[in-house]
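Data from input.cif: mmCIF, C-alpha atoms
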```cif
data_model
#
loop_
_atom_site.label_atom_id
_atom_site.label_comp_id
_atom_site.auth_asym_id
_atom_site.auth_seq_id
_atom_site.Cartn_x
_atom_site.Cartn_y
_atom_site.Cartn_z
CA ASP A 4 -68.71 47.66 27.05
CA ILE A 5 -65.64 45.53 27.81
CA LEU A 6 -66.50 41.88 28.02
CA PRO A 7 -65.31 39.91 31.04
CA GLY A 8 -61.96 38.25 30.46
CA HIS A 9 -63.21 34.75 29.66
CA GLN A 10 -65.91 35.97 27.30
CA GLN A 11 -63.50 38.33 25.59
CA ARG A 12 -61.03 35.52 25.05
CA ALA A 13 -63.73 33.22 23.65
CA ALA A 14 -64.88 35.97 21.30
CA GLY A 15 -61.33 36.37 20.02
CA ILE A 16 -61.00 32.64 19.39
CA ARG A 17 -64.30 32.56 17.50
CA ALA A 18 -63.24 35.55 15.41
CA SER A 19 -59.99 33.79 14.47
CA ALA A 20 -61.89 30.61 13.62
CA ASP A 21 -64.32 32.59 11.44
CA TRP A 22 -61.41 34.28 9.62
CA ALA A 23 -59.76 30.90 9.00
CA ALA A 24 -62.99 29.46 7.60
CA LYS A 25 -63.51 32.46 5.34
CA HIS A 26 -60.01 32.18 3.89
CA GLU A 27 -59.87 28.35 3.99
CA VAL A 28 -56.79 28.35 6.20
CA ALA A 29 -55.82 25.54 8.57
CA VAL A 30 -55.11 26.76 12.11
CA ILE A 31 -52.45 25.76 14.61
CA TRP A 32 -53.75 27.31 17.81
CA PHE A 33 -51.38 28.89 20.32
CA PRO A 34 -53.38 28.83 23.58
CA GLY A 35 -51.97 32.12 24.84
CA ILE A 36 -52.12 30.85 28.42
CA ASP A 37 -49.25 30.86 30.91
CA LEU A 38 -49.09 27.14 31.67
CA TYR A 39 -46.23 27.38 34.17
CA SER A 40 -46.25 27.73 37.94
CA ARG A 41 -43.84 30.04 39.77
CA MET A 42 -40.91 29.35 42.09
CA ASP A 43 -39.31 32.41 43.70
CA GLY A 44 -40.87 34.48 40.94
CA LYS A 45 -39.43 32.31 38.13
CA PRO A 46 -41.35 29.91 35.86
CA THR A 47 -41.34 26.23 36.80
CA VAL A 48 -43.29 23.15 35.77
CA THR A 49 -46.95 23.17 36.75
CA ARG A 50 -47.56 22.27 40.37
CA PRO A 51 -50.38 19.71 40.89
CA GLU A 52 -52.61 22.25 42.60
CA ASP A 53 -52.28 24.65 39.66
CA ILE A 54 -53.29 22.12 37.02
CA PRO A 55 -57.12 22.18 37.44
CA PRO A 56 -57.59 25.94 36.81
CA MET A 57 -55.12 25.88 33.90
CA ALA A 58 -56.81 22.83 32.40
CA ALA A 59 -60.14 24.64 32.71
CA LEU A 60 -58.74 27.50 30.61
CA LEU A 61 -57.51 25.06 27.97
CA ASN A 62 -60.92 23.40 27.91
CA GLU A 63 -62.62 26.76 27.37
CA MET A 64 -60.56 27.11 24.20
CA LEU A 65 -61.16 23.50 23.21
CA ALA A 66 -64.91 23.95 23.52
CA ILE A 67 -64.60 26.13 20.41
CA THR A 68 -61.58 24.74 18.56
CA ALA A 69 -62.07 20.97 18.93
CA SER A 70 -65.19 20.97 16.75
CA ASP A 71 -63.90 23.56 14.28
CA SER A 72 -63.13 22.08 10.87
CA GLN A 73 -60.15 24.43 10.33
CA THR A 74 -58.29 23.23 13.43
CA PHE A 75 -55.04 21.46 12.51
CA GLY A 76 -53.27 21.39 15.85
CA TYR A 77 -52.07 23.15 18.99
CA CYS A 78 -48.70 24.78 19.62
CA THR A 79 -48.54 24.42 23.39
CA PHE A 80 -45.09 25.78 24.26
CA ASP A 81 -42.50 28.10 22.81
CA GLU A 82 -39.05 26.76 23.75
CA PRO A 83 -39.81 25.47 27.27
CA GLU A 84 -36.16 24.53 27.93
CA ASN A 85 -35.08 28.16 27.65
CA VAL A 86 -37.84 29.17 30.06
CA LEU A 87 -37.44 26.44 32.66
CA TYR A 88 -33.77 25.46 32.95
CA PRO A 89 -32.99 28.20 35.56
CA THR A 90 -35.38 26.53 38.05
CA TYR A 91 -34.32 22.94 37.35
CA LYS A 92 -32.53 21.86 40.54
CA ASP A 93 -30.55 18.93 39.12
CA TRP A 94 -28.96 20.75 36.19
CA ASP A 95 -25.37 20.22 37.32
CA GLN A 96 -25.90 16.46 37.66
CA LYS A 97 -28.32 15.57 34.83
CA LYS A 98 -28.02 18.45 32.33
CA ASP A 99 -30.17 18.39 29.19
CA GLN A 100 -31.65 14.91 29.52
CA GLY A 101 -32.70 15.41 33.12
CA LEU A 102 -34.20 18.79 32.28
CA ALA A 103 -36.25 17.29 29.43
CA GLU A 104 -37.51 14.41 31.58
CA TRP A 105 -38.51 16.86 34.31
CA ILE A 106 -40.40 19.06 31.85
CA ALA A 107 -42.12 16.07 30.23
CA GLU A 108 -43.31 14.80 33.59
CA GLY A 109 -44.38 18.17 34.95
CA MET A 110 -46.09 19.44 31.79
CA GLY A 111 -47.52 16.15 30.53
CA TRP A 112 -51.02 17.15 31.62
CA THR A 113 -51.18 19.60 28.70
CA PHE A 114 -50.82 16.81 26.12
CA SER A 115 -53.43 14.58 27.78
CA THR A 116 -55.90 17.47 28.18
CA LEU A 117 -55.66 18.43 24.51
CA LYS A 118 -55.83 14.84 23.21
CA GLN A 119 -58.82 14.00 25.37
CA ALA A 120 -60.84 16.90 23.95
CA ASP A 121 -59.49 16.87 20.37
CA PRO A 122 -57.85 13.48 19.64
CA ASP A 123 -57.54 14.08 15.89
CA ALA A 124 -55.57 17.34 16.16
CA TYR A 125 -51.79 17.44 16.42
CA VAL A 126 -50.01 18.70 19.52
CA MET A 127 -47.04 20.69 18.18
CA PRO A 128 -44.84 22.50 20.72
CA ILE A 129 -41.72 24.42 19.67
CA VAL A 130 -38.93 22.38 21.25
CA ALA A 131 -35.79 24.47 21.52
CA TRP A 132 -32.77 22.22 22.04
CA TRP A 133 -31.49 19.44 19.79
CA THR A 134 -30.51 17.49 22.92
CA THR A 135 -34.08 17.33 24.27
CA TYR A 136 -36.08 16.21 21.23
CA LYS A 137 -36.18 12.56 22.34
CA ASP A 138 -36.99 13.04 26.02
CA LEU A 139 -39.64 15.71 25.36
CA ALA A 140 -41.45 13.45 22.89
CA PRO A 141 -44.23 12.68 25.44
CA LEU A 142 -45.34 16.31 24.94
CA TYR A 143 -45.81 16.21 21.16
CA ASP A 144 -47.29 14.43 18.17
CA VAL A 145 -45.29 16.64 15.82
CA ASN A 146 -42.14 18.49 16.87
CA PHE A 147 -41.77 22.12 15.77
CA PRO A 148 -38.00 22.77 15.75
CA ASN A 149 -36.65 26.16 14.75
CA HIS A 150 -33.21 27.58 14.09
CA TYR A 151 -32.06 30.98 12.82
CA PRO A 152 -28.40 30.74 11.69
CA THR A 153 -28.09 34.10 9.86
CA LEU A 154 -26.13 36.26 12.28
CA ASP A 155 -24.72 39.78 11.96
CA GLU A 156 -21.19 38.42 12.38
CA HIS A 157 -21.40 36.30 9.20
CA ALA A 158 -21.35 37.54 5.63
CA PRO A 159 -24.01 36.06 3.33
CA LEU A 160 -23.46 32.35 2.63
CA GLN A 161 -20.49 32.24 5.04
CA GLY A 162 -22.31 31.36 8.27
CA ASN A 163 -23.32 28.05 9.83
CA LEU A 164 -26.42 27.53 7.72
CA TYR A 165 -25.76 23.78 7.72
CA GLU A 166 -26.91 23.65 11.34
CA VAL A 167 -30.50 23.48 10.07
CA VAL A 168 -29.65 20.06 8.58
CA LEU A 169 -28.25 18.93 11.93
CA ASP A 170 -31.35 20.26 13.68
CA ALA A 171 -33.74 18.58 11.24
CA ALA A 172 -31.86 15.28 11.23
CA LEU A 173 -31.93 15.09 15.04
CA ALA A 174 -35.65 15.92 15.05
CA ALA A 175 -36.24 13.12 12.55
CA ASP A 176 -34.18 10.65 14.61
CA ALA A 177 -36.10 11.50 17.78
CA ALA A 178 -39.47 11.08 16.05
CA ARG A 179 -38.50 7.68 14.63
CA GLU A 180 -37.05 6.45 17.92
CA THR A 181 -40.05 7.51 20.02
CA GLY A 182 -42.83 6.68 17.56
CA ARG A 183 -43.92 10.27 17.08
CA ILE A 184 -45.47 11.38 13.77
CA GLY A 185 -42.56 13.58 12.71
CA PHE A 186 -41.58 17.23 12.60
CA VAL A 187 -42.45 20.48 10.82
CA TYR A 188 -39.58 22.93 10.42
CA MET A 189 -39.57 26.62 11.31
CA PRO A 190 -36.90 28.64 9.45
CA GLY A 191 -36.47 32.33 10.24
CA ILE A 192 -37.95 35.10 8.10
CA PHE A 193 -37.27 38.61 9.34
CA ASP A 194 -35.52 41.82 8.49
CA LEU A 195 -36.94 43.87 11.38
CA MET A 196 -36.16 41.61 14.34
CA PRO A 197 -33.95 43.16 17.03
CA GLY A 198 -30.92 41.31 18.32
CA ARG A 199 -27.91 39.65 16.73
CA TRP A 200 -29.71 38.27 13.69
CA ARG A 201 -29.73 39.72 10.20
CA ALA A 202 -32.09 39.16 7.32
CA ALA A 203 -31.47 36.01 5.31
CA THR A 204 -30.72 36.63 1.66
CA LEU A 205 -32.86 34.95 -0.99
CA ARG A 206 -30.37 32.11 -1.42
CA GLU A 207 -29.96 31.67 2.33
CA LEU A 208 -33.69 31.51 2.95
CA ARG A 209 -34.15 29.07 0.08
CA TYR A 210 -31.54 26.82 1.68
CA THR A 211 -32.95 27.02 5.23
CA CYS A 212 -36.45 26.24 3.93
CA PHE A 213 -35.55 23.35 1.62
CA ALA A 214 -32.66 21.71 3.50
CA PRO A 215 -34.91 20.37 6.31
CA ILE A 216 -37.11 18.66 3.71
CA THR A 217 -34.15 16.49 2.70
CA GLN A 218 -34.19 15.20 6.30
CA GLY A 219 -37.90 14.33 6.23
CA ALA A 220 -39.65 17.51 7.36
CA LEU A 221 -43.41 17.14 6.92
CA GLY A 222 -43.88 20.85 6.33
CA VAL A 223 -42.32 24.30 6.61
CA VAL A 224 -43.79 27.12 8.71
CA PRO A 225 -41.44 30.16 8.59
CA TRP A 226 -41.31 32.60 11.51
CA ARG A 227 -42.43 35.34 11.25
CA LEU A 228 -44.13 37.79 8.90
CA GLY A 229 -44.63 40.27 11.74
CA TYR A 230 -40.88 40.98 11.61
CA CYS A 231 -40.78 41.31 7.80
CA SER A 232 -41.03 44.59 5.94
CA MET A 233 -43.12 44.53 2.80
CA PRO A 234 -40.09 45.03 0.51
CA TYR A 235 -38.37 42.05 2.17
CA ARG A 236 -41.48 39.91 1.82
CA ARG A 237 -41.73 40.68 -1.88
CA ALA A 238 -38.02 40.27 -2.64
CA VAL A 239 -37.18 37.22 -0.50
CA VAL A 240 -40.00 35.58 1.46
CA TYR A 241 -42.77 35.28 -1.10
CA PRO A 242 -40.53 34.00 -3.93
CA VAL A 243 -39.25 31.16 -1.74
CA MET A 244 -42.75 30.33 -0.52
CA ARG A 245 -43.91 30.13 -4.12
CA GLU A 246 -41.05 27.75 -4.91
CA LEU A 247 -42.14 25.51 -2.05
CA SER A 248 -45.75 25.60 -3.21
CA ARG A 249 -44.79 24.81 -6.80
CA LEU A 250 -43.04 21.62 -5.67
CA ARG A 251 -45.79 20.51 -3.31
CA PRO A 252 -47.22 17.79 -5.63
CA TRP A 253 -43.85 15.99 -5.48
CA LEU A 254 -43.07 16.77 -1.85
CA LEU A 255 -46.36 15.14 -0.88
CA GLY A 256 -45.64 12.15 -3.10
CA GLU A 257 -44.02 8.77 -2.49
CA TRP A 258 -40.66 8.75 -0.69
CA CYS A 259 -38.02 7.02 -2.84
CA ASP A 260 -34.86 8.09 -1.02
CA GLY A 261 -33.31 4.63 -1.30
CA LEU A 262 -33.05 5.00 -5.07
CA VAL A 263 -30.45 7.78 -5.04
CA THR A 264 -26.92 8.18 -3.66
CA SER A 265 -24.19 10.73 -4.24
CA ASP A 266 -20.40 10.84 -4.07
CA HIS A 267 -20.71 13.41 -1.27
CA ASP A 268 -22.95 11.54 1.18
CA THR A 269 -20.40 12.10 3.95
CA ALA A 270 -18.68 15.21 5.29
CA THR A 271 -15.23 16.00 3.92
CA VAL A 272 -14.62 19.32 5.71
CA GLU A 273 -13.86 19.86 9.38
CA TYR A 274 -16.68 22.32 10.09
CA LEU A 275 -19.30 19.71 9.12
CA ARG A 276 -17.70 17.05 11.34
CA LYS A 277 -17.36 19.10 14.52
CA LEU A 278 -20.72 20.57 15.43
CA PRO A 279 -22.22 22.28 18.48
CA LYS A 280 -23.74 19.98 21.09
CA ARG A 281 -26.61 22.37 21.82
CA VAL A 282 -28.18 25.28 20.02
CA ARG A 283 -27.51 27.82 22.78
CA LEU A 284 -25.40 28.61 25.81
CA VAL A 285 -26.89 28.53 29.29
CA GLU A 286 -25.82 30.41 32.40
CA ALA A 287 -22.20 29.79 33.41
CA GLU A 288 -21.30 28.39 29.97
CA GLU A 289 -18.72 30.60 28.30
CA LYS A 290 -18.14 28.62 25.11
CA ALA A 291 -20.35 26.29 23.09
CA GLU A 292 -19.30 22.66 23.44
CA THR A 293 -18.68 20.87 20.15
CA VAL A 294 -18.79 17.15 19.41
CA GLU A 295 -17.62 14.92 16.59
CA SER A 296 -20.58 14.19 14.32
CA ASP A 297 -21.39 12.34 11.11
CA VAL A 298 -24.90 13.76 10.78
CA VAL A 299 -24.34 16.50 8.18
CA PRO A 300 -22.83 15.38 4.84
CA ASP A 301 -21.42 17.63 2.14
CA CYS A 302 -24.65 17.19 0.19
CA SER A 303 -28.12 16.25 1.46
CA HIS A 304 -30.82 14.97 -0.86
CA CYS A 305 -34.14 13.17 -1.13
CA LEU A 306 -36.21 11.68 -3.96
CA ARG A 307 -40.00 11.98 -4.30
CA ARG A 308 -42.38 10.53 -6.89
CA ARG A 309 -45.79 11.95 -7.73
CA PRO A 310 -48.63 9.76 -9.09
CA ASP A 311 -47.91 10.70 -12.74
CA ASN A 312 -44.55 8.87 -12.29
CA THR A 313 -42.38 11.99 -12.46
CA TYR A 314 -39.62 12.27 -9.87
CA LEU A 315 -38.18 15.20 -7.91
CA LEU A 316 -34.56 14.92 -6.80
CA LEU A 317 -34.16 17.65 -4.19
CA ALA A 318 -30.53 18.36 -3.23
CA VAL A 319 -28.70 20.96 -1.15
CA ASN A 320 -25.03 21.82 -0.82
CA ASN A 321 -24.29 22.05 2.91
CA ARG A 322 -20.90 23.67 2.37
CA ARG A 323 -19.66 27.25 2.15
CA GLU A 324 -17.74 26.36 -1.00
CA PRO A 325 -18.86 25.24 -4.47
CA LEU A 326 -19.24 21.48 -4.75
CA GLU A 327 -19.25 19.17 -7.76
CA VAL A 328 -21.63 16.30 -7.01
CA THR A 329 -22.50 13.15 -8.94
CA PHE A 330 -25.86 11.58 -8.12
CA THR A 331 -26.46 7.92 -8.98
CA LEU A 332 -30.06 6.83 -9.63
CA SER A 333 -30.92 3.14 -9.46
CA GLY A 334 -34.07 1.06 -9.82
CA ILE A 335 -35.87 3.61 -12.02
CA ASP A 336 -36.82 2.34 -15.47
CA GLY A 337 -36.93 4.73 -18.40
CA LEU A 338 -34.67 7.47 -17.05
CA PRO A 339 -34.52 10.49 -19.40
CA ASP A 340 -31.29 11.83 -20.89
CA HIS A 341 -31.57 15.02 -18.83
CA ALA A 342 -33.20 16.52 -15.76
CA LEU A 343 -34.69 19.99 -15.49
CA ASP A 344 -33.73 22.00 -12.42
CA TYR A 345 -36.88 23.83 -11.38
CA MET A 346 -34.91 26.43 -9.40
CA GLU A 347 -32.82 27.81 -12.27
CA TYR A 348 -34.77 26.14 -15.11
CA ALA A 349 -31.52 24.59 -16.34
CA SER A 350 -31.13 21.28 -18.14
CA VAL A 351 -28.62 18.84 -16.60
CA PRO A 352 -27.50 15.71 -18.53
CA ILE A 353 -28.13 12.17 -17.25
CA ALA A 354 -25.99 9.31 -18.55
CA ASP A 355 -25.91 5.71 -17.28
CA GLY A 356 -28.06 6.71 -14.33
CA LYS A 357 -25.66 9.46 -13.24
CA LEU A 358 -26.27 13.19 -12.96
CA THR A 359 -23.35 15.54 -12.30
CA ASP A 360 -23.68 19.20 -11.37
CA ILE A 361 -21.71 21.97 -9.67
CA LEU A 362 -23.60 23.38 -6.70
CA GLU A 363 -22.81 26.88 -5.44
CA PRO A 364 -22.37 27.44 -1.67
CA PHE A 365 -25.60 26.39 0.10
CA ALA A 366 -27.28 25.91 -3.27
CA VAL A 367 -30.64 24.19 -3.70
CA ARG A 368 -31.45 22.05 -6.72
CA ALA A 369 -34.85 20.63 -7.64
CA TYR A 370 -34.20 18.21 -10.53
CA MET A 371 -37.35 17.07 -12.30
CA LEU A 372 -37.14 13.64 -13.95
CA GLU A 373 -39.79 12.70 -16.49
CA VAL A 374 -39.31 8.95 -16.94
CA LYS A 375 -40.36 7.28 -20.18
#
```
How would this structure read if it were set down as structure tokens?
Amino acid sequence: DILPGHQQRAAGIRASADWAAKHEVAVIWFPGIDLYSRMDGKPTVTRPEDIPPMAALLNEMLAITASDSQTFGYCTFDEPENVLYPTYKDWDQKKDQGLAEWIAEGMGWTFSTLKQADPDAYVMPIVAWWTTYKDLAPLYDVNFPNHYPTLDEHAPLQGNLYEVVLDAALAADAARETGRIGFVYMPGIFDLMPGRWRAATLRELRYTCFAPITQGALGVVPWRLGYCSMPYRRAVVYPVMRELSRLRPWLLGEWCDGLVTSDHDTATVEYLRKLPKRVRLVEAEEKAETVESDVVPDCSHCLRRRPDNTYLLLAVNNRREPLEVTFTLSGIDGLPDHALDYMEYASVPIADGKLTDILEPFAVRAYMLEVK
């Protein structure tokens, strides 16, 4: 017998919750409900009269998930700007900011409904555009930005991979400015996805996973295994995920970013100083607008300390060319005479608080410092 729709949906949610409990997995729930109203057949923000029945559907889910110990949060929307901008009437006058304010006002009921029923869980929509992170902050505790810069038109390590640093930095700025908790980054993992994207190589995926952490990402949730063949998972995805897991004790440690600088903390090439204003084109836009920017330096880095007083200096080369970088460490007593790069397991000398290395295009380094 086929269960009625509501019962069938509840049974599916319970089955997912049971699976998560069995495997000790935290769950970010995607409600799977169309939360938009319609205008001339196109999606628009929820009309007031449509909110009560949609809220009732959310509360049916929350009756199960809010009390479930595996629940971590709720991913309410997948790129609402891309869905809703065609029905935003003031686009020509107010552009991105006006669109974001309109969405935040019209869809704000989703945030309040979820927080009322499950105040300890995180609301984590996938916000699409760099230009809307600030004004859509009323819809999230934690932003879930995503960007997939590996395109068919670019050879490996020759594309605009550095845009993930721009994306992550703008997400961090918006969270700080609006008092949100932060952001979790969503790099792309796929070799079977249709469209203009190609599979990231091992080095490209390592960069797109680790580079956002240098900007303060609270976690990494790649998208998505359903578009990954098993050979690709084994050759590229799983090795990078294991590298992330291996460094978790330091990545969850104390932030000590103020104790390290480099001689490449600014951009010295044109393509890092002139960056796209928005991640995508919209209707009637023929060419992406670029703006002068000082957000993406030649080299991004962060420093973390775990309780045993060992330090991780995580660094990425944001350039398409090799880069010689000198890092200067200050305020750390008992520095060793070398650091061990956990990526290549190579020893790099330290002298007078300085560490110099040559980073390949879009390279990632994870220097481990065992202080005396």
- In Å, rounded to a single decimal, give me how far CA of Ala124 (chain A) is from CA of Val243 (chain A).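 Separating CA of Val243 (chain A) from CA of Ala124 (chain A) is a distance of 27.9 Å.
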- Item | Residues matched by the PyMOL selection byres ((chain A and resi 128-132) around 7) as a PyMOL selection string | chain A and resi 78-84+126-127+133-136+143+146-148+281-282
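Near Val28 (chain A), within 10 Å and counting only C-alpha atoms, sit Ala20, Trp22, Ala23, Ala24, Lys25, Ile31, Gln73, Thr74 and Phe75 of chain A, not including residues fewer than 3 positions from it in the same chain.
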- Task: To verify the selection step, state as a ChimeraX atom specification which residues the PyMOL selection byres ((chain A and resi 262) around 9) yields on this input.
- Result: /A:259-261,263-264,306,331-335
- Message: For a test of reading the model, state the distance in Å between CA of Tyr165 (chain A) and CA of Ser303 (chain A), rounded to one decimal.
- Response: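 Between CA of Tyr165 (chain A) and CA of Ser303 (chain A) the gap is 10.1 Å.
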- Item | Using all atoms listed in the file: which of A:Arg201, A:Ala120, A:Pro190, A:Val224 has the shortest distance to Glu156 (chain A) |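 Looking at the shortest contact to Glu156 (chain A), the residue is A:Arg201.
The space between CA of Glu246 (chain A) and CA of Glu166 (chain A) spans 21.9 Å.
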- In file coordinates, which residues lie within 10 Å of (-58.8, 19.4, 16.7) using only C-alpha atoms, given as JSON, numbers by chain? {"A": [30, 31, 32, 65, 67, 68, 69, 70, 71, 72, 73, 74, 75, 76, 77, 117, 118, 120, 121, 122, 123, 124, 125, 126]}
